[in-house]
$ cat model-v9.txt   # compact mmCIF, C-alpha atoms and all ligand atoms
# COMPACT_ATOMS: atom_id res chain seq x y z
CA MET A 165 0.00 0.00 0.00
CA LYS A 166 1.34 3.46 -0.89
CA THR A 167 1.63 6.06 1.81
CA CYS A 168 0.53 9.68 1.67
CA LEU A 169 1.35 12.39 4.17
CA VAL A 170 -1.46 14.94 4.39
CA VAL A 171 -0.16 18.32 5.57
CA ASP A 172 -2.75 20.96 6.43
CA ASP A 173 -3.45 23.07 9.52
CA SER A 174 -7.19 22.53 9.11
CA SER A 175 -8.38 19.30 10.67
CA VAL A 176 -11.46 19.44 8.44
CA ILE A 177 -9.36 19.49 5.28
CA ARG A 178 -7.15 16.70 6.61
CA LYS A 179 -10.23 14.63 7.26
CA VAL A 180 -11.68 15.22 3.79
CA ALA A 181 -8.33 14.49 2.15
CA ARG A 182 -7.89 11.36 4.25
CA ARG A 183 -11.28 10.05 3.21
CA ILE A 184 -10.58 10.66 -0.48
CA LEU A 185 -7.08 9.19 -0.39
CA GLU A 186 -8.06 6.15 1.64
CA GLY A 187 -10.66 5.57 -1.07
CA LEU A 188 -7.75 5.53 -3.52
CA GLU A 189 -5.99 2.90 -1.38
CA PHE A 190 -3.44 5.11 0.33
CA GLU A 191 -2.23 4.68 3.87
CA ILE A 192 -2.44 8.11 5.48
CA ALA A 193 -0.25 10.02 7.92
CA GLU A 194 -1.14 13.55 8.99
CA ALA A 195 0.79 16.69 9.93
CA GLU A 196 -0.47 20.12 11.01
CA ASP A 197 2.41 22.21 9.75
CA GLY A 198 5.73 22.04 7.91
CA GLU A 199 7.77 21.19 10.98
CA GLN A 200 5.60 18.22 11.89
CA ALA A 201 5.67 17.16 8.26
CA LEU A 202 9.49 17.19 8.16
CA GLU A 203 9.54 15.18 11.36
CA ALA A 204 7.18 12.64 9.79
CA CYS A 205 9.38 12.42 6.69
CA ARG A 206 12.48 11.86 8.79
CA SER A 207 10.95 8.87 10.52
CA ARG A 208 9.27 7.50 7.41
CA MET A 209 9.52 8.89 3.88
CA PRO A 210 6.04 8.76 2.26
CA ASP A 211 5.31 8.01 -1.41
CA ALA A 212 3.20 11.14 -1.70
CA VAL A 213 2.66 14.43 0.12
CA LEU A 214 -0.54 16.46 -0.17
CA LEU A 215 0.61 19.88 0.91
CA ASP A 216 -1.12 23.07 2.03
CA TRP A 217 0.74 26.34 1.54
CA ASN A 218 -0.19 28.64 4.45
CA MET A 219 0.41 27.05 7.83
CA PRO A 220 1.79 28.25 11.18
CA LYS A 221 5.42 27.55 12.16
CA MET A 222 6.67 26.33 8.78
CA ASP A 223 4.65 26.83 5.60
CA GLY A 224 4.31 24.36 2.75
CA TYR A 225 6.81 26.10 0.53
CA GLU A 226 9.54 26.04 3.18
CA PHE A 227 8.74 22.42 3.95
CA LEU A 228 9.09 21.48 0.29
CA ARG A 229 12.46 23.17 -0.02
CA SER A 230 13.74 21.40 3.09
CA LEU A 231 12.28 18.08 1.99
CA ARG A 232 14.00 18.22 -1.39
CA ARG A 233 17.35 18.74 0.37
CA MET A 234 16.87 15.78 2.72
CA PRO A 235 18.41 12.39 1.93
CA GLY A 236 15.75 10.53 -0.05
CA GLY A 237 13.67 13.71 -0.10
CA ASP A 238 13.51 13.82 -3.87
CA ALA A 239 11.48 10.61 -3.96
CA PRO A 240 8.00 11.62 -2.74
CA LYS A 241 5.59 13.08 -5.25
CA VAL A 242 4.48 16.39 -3.80
CA VAL A 243 1.06 17.75 -4.72
CA PHE A 244 0.27 21.21 -3.41
CA CYS A 245 -3.31 21.73 -2.30
CA THR A 246 -3.94 25.35 -1.51
CA THR A 247 -6.14 28.41 -1.96
CA GLU A 248 -3.12 30.22 -3.45
CA ASN A 249 -4.27 29.96 -7.04
CA ASP A 250 -2.27 32.55 -8.94
CA VAL A 251 0.34 31.82 -11.57
CA ALA A 252 3.17 33.27 -9.48
CA HIS A 253 2.55 30.87 -6.59
CA ILE A 254 2.15 27.90 -8.92
CA ALA A 255 5.38 28.73 -10.73
CA ARG A 256 7.25 29.11 -7.45
CA ALA A 257 5.97 25.76 -6.22
CA LEU A 258 6.95 23.96 -9.39
CA HIS A 259 10.35 25.59 -9.30
CA ALA A 260 10.87 24.36 -5.74
CA GLY A 261 10.14 20.81 -6.84
CA ALA A 262 6.37 20.32 -6.57
CA ASN A 263 5.04 17.69 -8.96
CA GLU A 264 1.45 18.84 -9.20
CA TYR A 265 -0.78 21.57 -7.88
CA ILE A 266 -4.38 21.54 -6.71
CA MET A 267 -6.26 24.79 -6.31
CA LYS A 268 -8.83 24.64 -3.52
CA PRO A 269 -11.69 23.92 -3.40
CA PHE A 270 -11.02 20.36 -4.49
CA ASP A 271 -12.98 17.14 -4.75
CA LYS A 272 -12.32 13.45 -5.28
CA GLU A 273 -12.19 13.80 -9.08
CA ILE A 274 -9.49 16.45 -8.92
CA VAL A 275 -7.34 14.57 -6.40
CA GLU A 276 -7.69 11.41 -8.45
CA ALA A 277 -6.80 13.22 -11.69
CA LYS A 278 -3.75 14.88 -10.17
CA PHE A 279 -2.46 11.74 -8.47
CA GLN A 280 -2.89 9.94 -11.77
CA GLU A 281 -0.98 12.72 -13.48
CA VAL A 282 2.11 12.15 -11.34
CA GLY A 283 1.92 8.38 -11.67
CA LEU A 284 0.72 7.58 -8.15
CA LEU A 285 -2.39 5.76 -9.42
CA MET B 138 -46.03 14.96 -18.75
CA THR B 139 -48.41 12.72 -20.69
CA PRO B 140 -47.02 9.61 -22.41
CA LEU B 141 -48.02 11.18 -25.71
CA ASP B 142 -46.03 14.34 -25.02
CA TYR B 143 -43.03 12.31 -23.93
CA ASP B 144 -43.23 10.23 -27.06
CA PHE B 145 -43.35 13.35 -29.19
CA LEU B 146 -40.25 14.80 -27.50
CA ARG B 147 -38.33 11.51 -27.79
CA LYS B 148 -39.05 11.32 -31.50
CA LEU B 149 -38.12 14.94 -32.06
CA VAL B 150 -34.78 14.60 -30.28
CA LYS B 151 -33.96 11.28 -31.94
CA GLN B 152 -34.84 12.54 -35.37
CA ARG B 153 -32.81 15.71 -35.04
CA SER B 154 -29.73 14.44 -33.19
CA GLY B 155 -29.75 10.64 -33.02
CA LEU B 156 -29.96 10.78 -29.23
CA VAL B 157 -32.02 7.91 -27.92
CA LEU B 158 -34.09 8.61 -24.82
CA SER B 159 -35.30 5.42 -23.21
CA ALA B 160 -38.72 5.20 -21.61
CA ASP B 161 -37.26 5.75 -18.13
CA LYS B 162 -35.65 9.11 -18.94
CA GLN B 163 -38.81 11.11 -18.39
CA TYR B 164 -37.42 12.78 -15.25
CA LEU B 165 -34.32 13.87 -17.16
CA VAL B 166 -36.37 15.31 -20.00
CA GLU B 167 -38.53 17.20 -17.55
CA SER B 168 -35.62 18.68 -15.63
CA ARG B 169 -33.80 19.72 -18.81
CA LEU B 170 -36.78 21.08 -20.71
CA LEU B 171 -38.68 22.96 -18.03
CA PRO B 172 -36.10 25.78 -18.12
CA VAL B 173 -36.42 25.86 -21.93
CA ALA B 174 -40.19 26.18 -21.61
CA ARG B 175 -39.90 28.92 -19.00
CA LYS B 176 -37.40 30.82 -21.10
CA ALA B 177 -39.84 30.73 -24.00
CA GLY B 178 -42.54 32.16 -21.73
CA LEU B 179 -44.44 28.88 -21.59
CA ALA B 180 -46.09 27.54 -18.45
CA GLY B 181 -44.91 23.95 -18.71
CA LEU B 182 -44.03 20.97 -20.84
CA SER B 183 -47.41 20.37 -22.42
CA GLU B 184 -47.40 23.99 -23.61
CA LEU B 185 -43.88 23.43 -24.91
CA VAL B 186 -44.95 20.36 -26.86
CA GLN B 187 -47.97 22.22 -28.20
CA GLN B 188 -45.72 24.98 -29.43
CA LEU B 189 -43.32 22.47 -30.99
CA ARG B 190 -46.18 20.80 -32.85
CA GLY B 191 -47.16 24.08 -34.44
CA ALA B 192 -45.53 25.96 -37.29
CA ASN B 193 -42.42 28.16 -36.86
CA ALA B 194 -41.05 26.01 -34.05
CA GLN B 195 -37.65 25.57 -35.66
CA ALA B 196 -35.67 27.70 -33.21
CA LEU B 197 -37.44 26.21 -30.22
CA ALA B 198 -36.77 22.68 -31.46
CA VAL B 199 -33.06 23.49 -31.76
CA GLU B 200 -33.07 24.70 -28.15
CA VAL B 201 -34.83 21.55 -27.00
CA VAL B 202 -32.25 19.35 -28.71
CA GLU B 203 -29.32 21.32 -27.29
CA ALA B 204 -30.82 21.14 -23.82
CA MET B 205 -30.99 17.35 -24.01
CA MET B 206 -27.30 16.92 -24.88
CA THR B 207 -24.74 15.71 -22.40
CA ASN B 208 -21.76 17.97 -23.01
CA GLU B 209 -19.39 16.78 -20.32
CA SER B 210 -15.76 16.77 -21.42
CA PHE B 211 -12.30 16.97 -19.87
CA PHE B 212 -8.87 17.89 -21.05
CA PHE B 213 -6.91 14.76 -22.05
CA ARG B 214 -9.96 12.66 -21.28
CA ASP B 215 -8.94 9.05 -20.57
CA ARG B 216 -5.30 10.00 -21.32
CA LEU B 217 -4.73 7.00 -23.57
CA PRO B 218 -6.14 8.49 -26.80
CA PHE B 219 -3.74 11.39 -26.47
CA GLU B 220 -0.83 9.04 -25.83
CA HIS B 221 -1.82 7.21 -29.00
CA PHE B 222 -1.88 10.55 -30.77
CA ARG B 223 1.59 11.49 -29.56
CA ASN B 224 3.30 8.11 -29.73
CA THR B 225 1.57 6.21 -32.52
CA ILE B 226 -0.47 8.45 -34.80
CA MET B 227 1.83 11.43 -35.24
CA PRO B 228 5.02 9.40 -35.75
CA SER B 229 3.33 7.26 -38.39
CA LEU B 230 1.67 10.20 -40.16
CA MET B 231 4.88 12.19 -40.19
CA VAL B 232 6.39 9.44 -42.28
CA ALA B 233 3.32 8.87 -44.42
CA ARG B 234 2.75 12.58 -45.09
CA ALA B 235 6.38 13.65 -45.34
CA ALA B 236 5.84 14.84 -48.92
CA GLN B 237 2.71 16.92 -48.32
CA ARG B 238 3.57 18.00 -44.76
CA ARG B 239 -0.12 18.36 -44.14
CA ILE B 240 -2.36 16.64 -41.61
CA ARG B 241 -6.08 17.14 -41.08
CA ILE B 242 -7.74 16.23 -37.80
CA TRP B 243 -11.46 16.18 -37.09
CA CYS B 244 -13.03 16.26 -33.63
CA ALA B 245 -16.53 15.19 -34.56
CA ALA B 246 -18.25 15.86 -31.23
CA ALA B 247 -15.99 18.49 -29.76
CA SER B 248 -18.35 19.86 -27.12
CA THR B 249 -16.75 22.67 -25.10
CA GLY B 250 -13.34 22.33 -26.76
CA GLN B 251 -11.26 20.33 -24.29
CA GLU B 252 -10.59 17.57 -26.82
CA PRO B 253 -9.40 19.70 -29.77
CA TYR B 254 -7.42 21.96 -27.42
CA SER B 255 -5.73 18.93 -25.85
CA LEU B 256 -4.62 17.91 -29.34
CA ALA B 257 -3.50 21.45 -30.13
CA MET B 258 -1.41 21.53 -26.94
CA CYS B 259 0.15 18.15 -27.85
CA LEU B 260 1.10 19.54 -31.25
CA LYS B 261 2.41 22.76 -29.80
CA GLU B 262 4.63 20.83 -27.42
CA MET B 263 6.09 18.80 -30.28
CA GLY B 264 7.73 22.08 -31.25
CA PRO B 265 10.40 21.80 -33.93
CA LEU B 266 9.25 18.29 -34.88
CA VAL B 267 6.19 19.71 -36.60
CA ALA B 268 7.74 22.98 -37.77
CA GLY B 269 6.87 23.57 -41.41
CA TRP B 270 3.86 21.29 -41.22
CA ARG B 271 0.34 22.48 -41.77
CA ILE B 272 -1.88 20.75 -39.25
CA ASP B 273 -5.56 21.60 -39.22
CA ILE B 274 -7.94 20.73 -36.44
CA LEU B 275 -11.60 20.97 -37.34
CA ALA B 276 -13.85 20.79 -34.28
CA THR B 277 -17.58 20.35 -34.76
CA ASP B 278 -20.62 19.79 -32.60
CA ILE B 279 -24.37 19.90 -33.06
CA SER B 280 -24.74 22.41 -30.24
CA ASN B 281 -24.01 26.07 -30.87
CA GLU B 282 -23.94 26.82 -27.19
CA VAL B 283 -20.97 24.56 -26.50
CA LEU B 284 -19.15 25.82 -29.58
CA GLU B 285 -19.40 29.38 -28.32
CA LYS B 286 -17.83 28.33 -25.06
CA ALA B 287 -15.16 26.38 -26.92
CA LYS B 288 -14.26 29.38 -29.07
CA ALA B 289 -13.93 31.62 -26.03
CA GLY B 290 -11.63 29.03 -24.49
CA ILE B 291 -12.54 30.05 -20.94
CA TYR B 292 -12.71 27.32 -18.30
CA SER B 293 -13.48 27.21 -14.62
CA GLN B 294 -10.88 26.31 -12.02
CA PHE B 295 -12.66 22.99 -11.68
CA GLU B 296 -12.47 22.26 -15.41
CA VAL B 297 -8.75 23.01 -15.72
CA GLN B 298 -7.94 20.62 -12.88
CA ARG B 299 -9.40 17.48 -14.39
CA GLY B 300 -6.87 15.94 -16.77
CA LEU B 301 -4.76 18.98 -17.48
CA PRO B 302 -1.21 18.77 -16.09
CA ILE B 303 -0.29 21.85 -14.08
CA GLN B 304 2.70 22.52 -16.35
CA MET B 305 0.35 22.81 -19.32
CA LEU B 306 -1.96 25.11 -17.40
CA ILE B 307 0.95 27.41 -16.71
CA ARG B 308 2.27 27.25 -20.25
CA HIS B 309 -0.94 27.60 -22.25
CA PHE B 310 -3.46 29.48 -20.11
CA ALA B 311 -3.85 32.95 -18.69
CA GLN B 312 -5.69 33.59 -15.48
CA LEU B 313 -8.87 35.59 -15.93
CA GLY B 314 -10.32 36.33 -12.51
CA GLU B 315 -11.70 33.04 -11.21
CA THR B 316 -11.32 31.42 -14.63
CA TRP B 317 -8.59 30.42 -17.04
CA GLN B 318 -8.40 31.22 -20.74
CA ILE B 319 -6.41 29.17 -23.20
CA SER B 320 -3.84 31.16 -25.17
CA PRO B 321 -4.75 32.86 -28.47
CA GLU B 322 -2.06 30.78 -30.14
CA ILE B 323 -3.68 27.48 -29.15
CA ARG B 324 -7.12 28.85 -29.93
CA ALA B 325 -5.98 29.76 -33.43
CA MET B 326 -5.00 26.14 -34.08
CA VAL B 327 -8.62 24.97 -33.91
CA GLN B 328 -11.42 25.82 -36.29
CA TYR B 329 -14.96 25.47 -34.92
CA LYS B 330 -18.05 24.79 -36.96
CA PRO B 331 -21.55 23.55 -36.14
CA PHE B 332 -22.15 20.16 -37.68
CA ASN B 333 -24.72 17.44 -37.16
CA LEU B 334 -23.39 13.89 -37.44
CA LEU B 335 -26.70 12.82 -38.96
CA ASN B 336 -26.08 15.06 -41.95
CA ASP B 337 -24.25 14.43 -45.19
CA PHE B 338 -20.48 14.44 -44.66
CA ALA B 339 -19.73 15.72 -48.16
CA GLY B 340 -17.91 19.04 -48.05
CA LEU B 341 -15.89 18.24 -44.93
CA GLY B 342 -13.00 16.93 -46.99
CA MET B 343 -10.67 14.05 -46.13
CA PHE B 344 -9.05 13.51 -42.73
CA ASP B 345 -6.02 11.69 -41.38
CA VAL B 346 -7.34 11.47 -37.84
CA VAL B 347 -10.90 11.48 -36.54
CA PHE B 348 -11.75 11.78 -32.87
CA CYS B 349 -15.38 10.72 -32.49
CA ARG B 350 -15.49 10.20 -28.77
CA ASN B 351 -18.32 9.74 -26.33
CA VAL B 352 -21.10 10.53 -28.72
CA LEU B 353 -21.92 7.18 -30.36
CA ILE B 354 -22.93 5.84 -26.95
CA TYR B 355 -26.04 8.01 -27.17
CA PHE B 356 -27.12 6.59 -30.54
CA ASP B 357 -28.93 3.41 -31.50
CA GLN B 358 -27.18 0.66 -33.46
CA GLN B 359 -28.34 1.81 -36.87
CA THR B 360 -27.24 5.41 -36.28
CA LYS B 361 -23.84 4.26 -34.95
CA VAL B 362 -23.26 2.14 -38.05
CA GLY B 363 -24.29 4.99 -40.32
CA VAL B 364 -21.95 7.48 -38.67
CA LEU B 365 -19.01 5.04 -38.64
CA ASP B 366 -19.46 4.14 -42.30
CA ARG B 367 -19.68 7.76 -43.30
CA ILE B 368 -16.55 8.58 -41.29
CA ALA B 369 -14.81 5.70 -43.07
CA ARG B 370 -15.33 7.40 -46.40
CA LEU B 371 -13.41 10.46 -45.35
CA VAL B 372 -10.56 8.83 -43.48
CA ASP B 373 -7.48 8.21 -45.53
CA ARG B 374 -6.38 4.62 -45.87
CA ASP B 375 -3.46 5.10 -43.47
CA GLY B 376 -5.47 7.34 -41.14
CA TYR B 377 -6.96 6.69 -37.72
CA LEU B 378 -10.20 6.79 -35.80
CA LEU B 379 -10.46 7.20 -32.03
CA LEU B 380 -13.56 6.29 -30.06
CA GLY B 381 -14.54 6.75 -26.43
CA ALA B 382 -13.70 4.24 -23.71
CA ALA B 383 -17.18 2.71 -23.86
CA GLU B 384 -17.39 2.62 -27.64
CA THR B 385 -16.19 0.20 -30.31
CA VAL B 386 -16.53 -0.66 -33.98
CA VAL B 387 -16.59 -4.36 -33.20
CA GLY B 388 -19.89 -5.90 -34.21
CA LEU B 389 -20.98 -2.69 -35.92
CA THR B 390 -18.96 -2.23 -39.08
CA ASP B 391 -16.15 -3.71 -41.16
CA SER B 392 -14.94 -0.27 -42.17
CA PHE B 393 -12.51 -0.12 -39.24
CA ARG B 394 -10.53 -2.60 -37.21
CA PRO B 395 -9.07 -2.17 -33.72
CA VAL B 396 -5.33 -1.50 -33.72
CA ALA B 397 -3.58 -4.19 -31.67
CA ASP B 398 -2.37 -3.09 -28.23
CA ARG B 399 -3.81 0.41 -28.70
CA ARG B 400 -7.06 0.58 -26.84
CA GLY B 401 -9.59 2.95 -28.41
CA LEU B 402 -7.60 3.29 -31.63
CA TYR B 403 -8.98 2.05 -34.94
CA ALA B 404 -7.62 1.88 -38.46
CA PRO B 405 -9.52 1.71 -41.72
CA ASN B 406 -9.82 -1.76 -43.18
CA ALA B 407 -8.01 -2.09 -46.47
CA GLY B 408 -10.30 -1.75 -49.42
CA VAL B 409 -13.13 -0.25 -47.46
CA CYS B 410 -11.99 3.28 -46.77
CA GLY B 411 -10.30 6.32 -48.06
CA ALA B 412 -8.88 7.14 -51.43
CA ALA B 413 -9.43 3.91 -53.33
CA PRO B 414 -13.15 3.40 -52.96
CA ARG B 415 -13.98 7.06 -52.94
CA LEU B 416 -15.74 6.84 -56.31
CA ALA B 417 -17.92 4.06 -55.04
CA ALA B 418 -18.69 6.11 -51.96
CA ILE B 419 -19.74 9.07 -54.03
CA ALA B 420 -21.97 6.81 -56.09
CA GLY B 421 -23.55 5.75 -52.82
CA GLY B 422 -22.56 2.10 -53.20
CA ARG B 423 -19.94 0.10 -51.41
C1 LIG A 501 -20.21 13.88 -24.00
S1 LIG A 501 -19.78 15.05 -25.22
C2 LIG A 501 -18.21 14.41 -25.78
C3 LIG A 501 -17.15 15.49 -25.86
C4 LIG A 501 -15.77 14.98 -26.22
N1 LIG A 501 -15.74 14.31 -27.50
C5 LIG A 501 -15.24 14.07 -25.14
O1 LIG A 501 -15.08 12.86 -25.38
O2 LIG A 501 -14.96 14.54 -24.03
C6 LIG A 501 -20.91 14.62 -26.53
C7 LIG A 501 -21.15 15.74 -27.54
O3 LIG A 501 -21.78 15.21 -28.70
C8 LIG A 501 -22.61 16.21 -29.25
N2 LIG A 501 -23.58 15.57 -30.13
C9 LIG A 501 -24.63 14.81 -29.79
N3 LIG A 501 -25.32 14.44 -30.90
C10 LIG A 501 -24.67 14.98 -31.95
C11 LIG A 501 -24.89 14.96 -33.35
N4 LIG A 501 -25.94 14.31 -33.90
N5 LIG A 501 -24.03 15.62 -34.15
C12 LIG A 501 -22.98 16.28 -33.61
N6 LIG A 501 -22.71 16.33 -32.30
C13 LIG A 501 -23.56 15.69 -31.48
C14 LIG A 501 -23.20 16.86 -28.02
O4 LIG A 501 -23.67 18.17 -28.30
C15 LIG A 501 -22.05 16.84 -27.03
O5 LIG A 501 -21.36 18.07 -27.03
$ encode --input "model-v9.txt" --output "C-alpha cells"
Amino acid sequence: MKTCLVVDDSSVIRKVARRILEGLEFEIAEAEDGEQALEACRSRMPDAVLLDWNMPKMDGYEFLRSLRRMPGGDAPKVVFCTTENDVAHIARALHAGANEYIMKPFDKEIVEAKFQEVGLL
Amino acid sequence: MTPLDYDFLRKLVKQRSGLVLSADKQYLVESRLLPVARKAGLAGLSELVQQLRGANAQALAVEVVEAMMTNESFFFRDRLPFEHFRNTIMPSLMVARAAQRRIRIWCAAASTGQEPYSLAMCLKEMGPLVAGWRIDILATDISNEVLEKAKAGIYSQFEVQRGLPIQMLIRHFAQLGETWQISPEIRAMVQYKPFNLLNDFAGLGMFDVVFCRNVLIYFDQQTKVGVLDRIARLVDRDGYLLLGAAETVVGLTDSFRPVADRRGLYAPNAGVCGAAPRLAAIAGGR
C-alpha cells in the first residue's frame, strides 16, 4: 500500500483528504504544519505528500524546499493543495520541486486526476 | 407529462440528433426542458410540446435538442487516446505525409473544446518536430452553445484541474479572474463549426485522424453504423479513428478494425476506406 502524508493546519481538510485518499488505497499520515511534516518524513519517507501552503510555524513552501534537500527527499511526489491559485505561486511551487498543484476547493475527481498525473495511481 | 407528449419529444430529439431517450428518462427530459419552456414564456411541458407541434417552431426545437445533450468533457480525457496521438499516430503520419507535410484532424463531437485543445497543446509541445507542417484541427458539434464556449476558451478552475497537467496550465493558459483562458495561439489552431453527425459528410474533406469520442454511446445501433461508415469514407487509408472508452466498432462495421495493443484506436480496413473506394462512396454504393 502506498503512503501519503497529508499536511494541512485545518483538521477538516485533513479529514476530507484522508477520506478521499483512503478511497484511492493510500495509507495516510497527517501533519499540522511544515515542521511536523518534516519530522514525519524523517521517521518515514512517504510516497506522496498532499501539501497546504499557508500554515503556522513552517509553511508548505519552506517544507518542500527542506524536503527536497533531505536524503531521499527527492522521492516523494508532492502535490500542493492550496487556496493560493495565482500563476506566481504555482510557478514558485513547481520551481521548488512540486510535482502537481491543486487549487482549492477540491474534490475526489481532482485529487484522483492529479495523483494519476504524477503516476501515483 | 403525458405519455403522448413524452413520445413526441423523444421522437423529435432522436430525429434531429440521433440521441435515444429510453422510456425511463422522463425525469431527465422534464428537468432539462422545463427551463427551456420557462425561457420561451411557456407555463410547462405540455405547452412546450404544443408549441413544438405548431408551425415556426424551428428555433425552439433546436433549443430543445441542445438542452438534451450531455456535453461533459475533460482535457486529455482518458489519457490513452492522447498518448496514441503522440506516440503512434503522429510518428506514423509524419512518415506517411512527409511529402505533403499536411495533416487534417477532425473532432466530430468536440463539445466545449477540451478535446481539440488537448490535441492542439500536444502539437504545440512537439515544437520543432512539426515545424513547417500544416496541421488543421476541425472541431464540430451539433450544439451552438458549447461551440461558443469552446471558441472563447474560458474554463473554470474545476475544469482546468481534471486531466490537465499543471505545467500545461501554466504554459498555455492565462488567469482571468476566477477562470482560465487558453492562449490565443492554441485557440488559433482549432477551427470550430456547427455540424450534425446525422447530416451528409460531403464538403468536410478528407481527414487523417478522426476523434469521435463519447457521442456514439447516445445513438442506436443503426445510427452508430451509419456514422461510422460515413466517417470511413473520409478517413485516408493510413489514417486513424479514435472512439470513447465505452465505444467500439466491433460488431458494428467492417470499415474499421481495432489496432492491436492500442485501446480505443482504430484503423480503416483495407479496401473499405479512403482514397481507393472514394468513387464508389460518391456513387452511394460500397
Ligand atoms: C459527452 S460530449 C463528448 C465530448 C468529447 N468528444 C469528449 O469525449 O470529451 C458529446 C457531444 O456530442 C454532441 N452531439 C450529440 N449528438 C450529436 C450529433 N448528432 N451531431 C454532432 N454532435 C452531437 C453533443 O452536443 C455533445 O457536445
$ residues_near_point --input "model-v9.txt" --point "(0.2, 15.1, 6.6)" --cutoff "6 Å" --atoms "all atoms listed in the file" --output "VMD selection string"
chain A and resid 169 to 171 193 to 195
$ residues_near_ligand --input "model-v9.txt" --ligand "ligand LIG 501 (chain A)" --cutoff "8 Å" --atoms "all atoms listed in the file" --output "PyMOL selection string"
chain B and resi 153-156+203+206-212+214+244-252+277-280+283+331-335+348-352+355+381
$ atom_distance --input "model-v9.txt" --atom1 "CA of Glu276 in chain A" --atom2 "CA of Ala181 in chain A"
11.1 Å
$ interface_residues --input "model-v9.txt" --of "chain A" --to "chain B" --cutoff "12 Å" --atoms "all atoms listed in the file" --output "short mmCIF file (atom, residue, chain, number, x, y, z; two decimals) with C-alpha atoms, in the frame of the given file"
data_model
loop_
_atom_site.label_atom_id
_atom_site.label_comp_id
_atom_site.auth_asym_id
_atom_site.auth_seq_id
_atom_site.Cartn_x
_atom_site.Cartn_y
_atom_site.Cartn_z
CA VAL A 243 1.06 17.75 -4.72
CA PHE A 244 0.27 21.21 -3.41
CA CYS A 245 -3.31 21.73 -2.30
CA THR A 247 -6.14 28.41 -1.96
CA GLU A 248 -3.12 30.22 -3.45
CA ASN A 249 -4.27 29.96 -7.04
CA ASP A 250 -2.27 32.55 -8.94
CA VAL A 251 0.34 31.82 -11.57
CA ALA A 252 3.17 33.27 -9.48
CA HIS A 253 2.55 30.87 -6.59
CA ILE A 254 2.15 27.90 -8.92
CA ALA A 255 5.38 28.73 -10.73
CA ARG A 256 7.25 29.11 -7.45
CA ALA A 257 5.97 25.76 -6.22
CA LEU A 258 6.95 23.96 -9.39
CA HIS A 259 10.35 25.59 -9.30
CA ALA A 262 6.37 20.32 -6.57
CA ASN A 263 5.04 17.69 -8.96
CA GLU A 264 1.45 18.84 -9.20
CA TYR A 265 -0.78 21.57 -7.88
CA ILE A 266 -4.38 21.54 -6.71
CA MET A 267 -6.26 24.79 -6.31
CA LYS A 268 -8.83 24.64 -3.52
CA PRO A 269 -11.69 23.92 -3.40
CA PHE A 270 -11.02 20.36 -4.49
CA ASP A 271 -12.98 17.14 -4.75
CA LYS A 272 -12.32 13.45 -5.28
CA GLU A 273 -12.19 13.80 -9.08
CA ILE A 274 -9.49 16.45 -8.92
CA VAL A 275 -7.34 14.57 -6.40
CA GLU A 276 -7.69 11.41 -8.45
CA ALA A 277 -6.80 13.22 -11.69
CA LYS A 278 -3.75 14.88 -10.17
CA PHE A 279 -2.46 11.74 -8.47
CA GLN A 280 -2.89 9.94 -11.77
CA GLU A 281 -0.98 12.72 -13.48
CA VAL A 282 2.11 12.15 -11.34
CA GLY A 283 1.92 8.38 -11.67
#
$ closest_residue --input "model-v9.txt" --among "B:Met138, B:Leu353, B:Cys259, B:Ile240" --to "Leu171 in chain B" --atoms "only C-alpha atoms"
B:Met138
$ closest_residue --input "model-v9.txt" --among "A:Leu214, A:Met219, A:Leu231, A:Val176" --to "Leu202 in chain A" --atoms "all atoms listed in the file"
A:Leu231
$ residues_around --input "model-v9.txt" --residues "Glu184 in chain B" --least-positions-apart "4" --cutoff "12 Å" --atoms "all atoms listed in the file" --output "PyMOL selection string"
chain B and resi 138-139+142+170-171+173-175+177-180+188-191
$ atom_distance --input "model-v9.txt" --atom1 "CA of Leu379 in chain B" --atom2 "CA of Leu402 in chain B"
4.9 Å
$ atom_distance --input "model-v9.txt" --atom1 "CA of Glu262 in chain B" --atom2 "CA of Arg399 in chain B"
22.1 Å
$ residues_around --input "model-v9.txt" --residues "Ala235 in chain B" --least-positions-apart "4" --cutoff "12 Å" --atoms "all atoms listed in the file" --output "list of chain:residue names"
B:Met227, B:Pro228, B:Ser229, B:Leu230, B:Met231, B:Arg239, B:Ile240, B:Leu266, B:Val267, B:Gly269, B:Trp270, B:Arg271
$ closest_residue --input "model-v9.txt" --among "B:Arg241, B:Ala397, B:Asp144, B:Tyr329" --to "Asp161 in chain B" --atoms "only C-alpha atoms"
B:Asp144
$ residues_around --input "model-v9.txt" --residues "Asp172 in chain A" --least-positions-apart "5" --cutoff "10 Å" --atoms "only C-alpha atoms" --output "list in words"
Ile177, Arg178, Lys179, Ala181, Glu194, Ala195, Glu196, Asp197, Gly198, Ala201, Leu214, Leu215, Asp216, Trp217, Asn218, Met219, Pro220, Asp223, Gly224, Cys245 and Thr246 of chain A
$ axis_aligned_box --input "model-v9.txt" --around "range 262-269 of chain A" --padding-each-side "4 Å" --output "JSON"
{"center_x": -2.7, "center_y": 21.2, "center_z": -6.3, "size_x": 26.1, "size_y": 15.1, "size_z": 13.8}
$ residues_near_point --input "model-v9.txt" --point "(-6.9, 4.5, -3.5)" --cutoff "12 Å" --atoms "only C-alpha atoms" --output "ChimeraX atom specification"
/A:165-168,181-192,272,275-277,279-280,284-285
$ closest_residue --input "model-v9.txt" --among "B:Ala198, B:Ser183, B:Asp273, B:Ser255" --to "Ala325 in chain B" --atoms "only C-alpha atoms"
B:Asp273
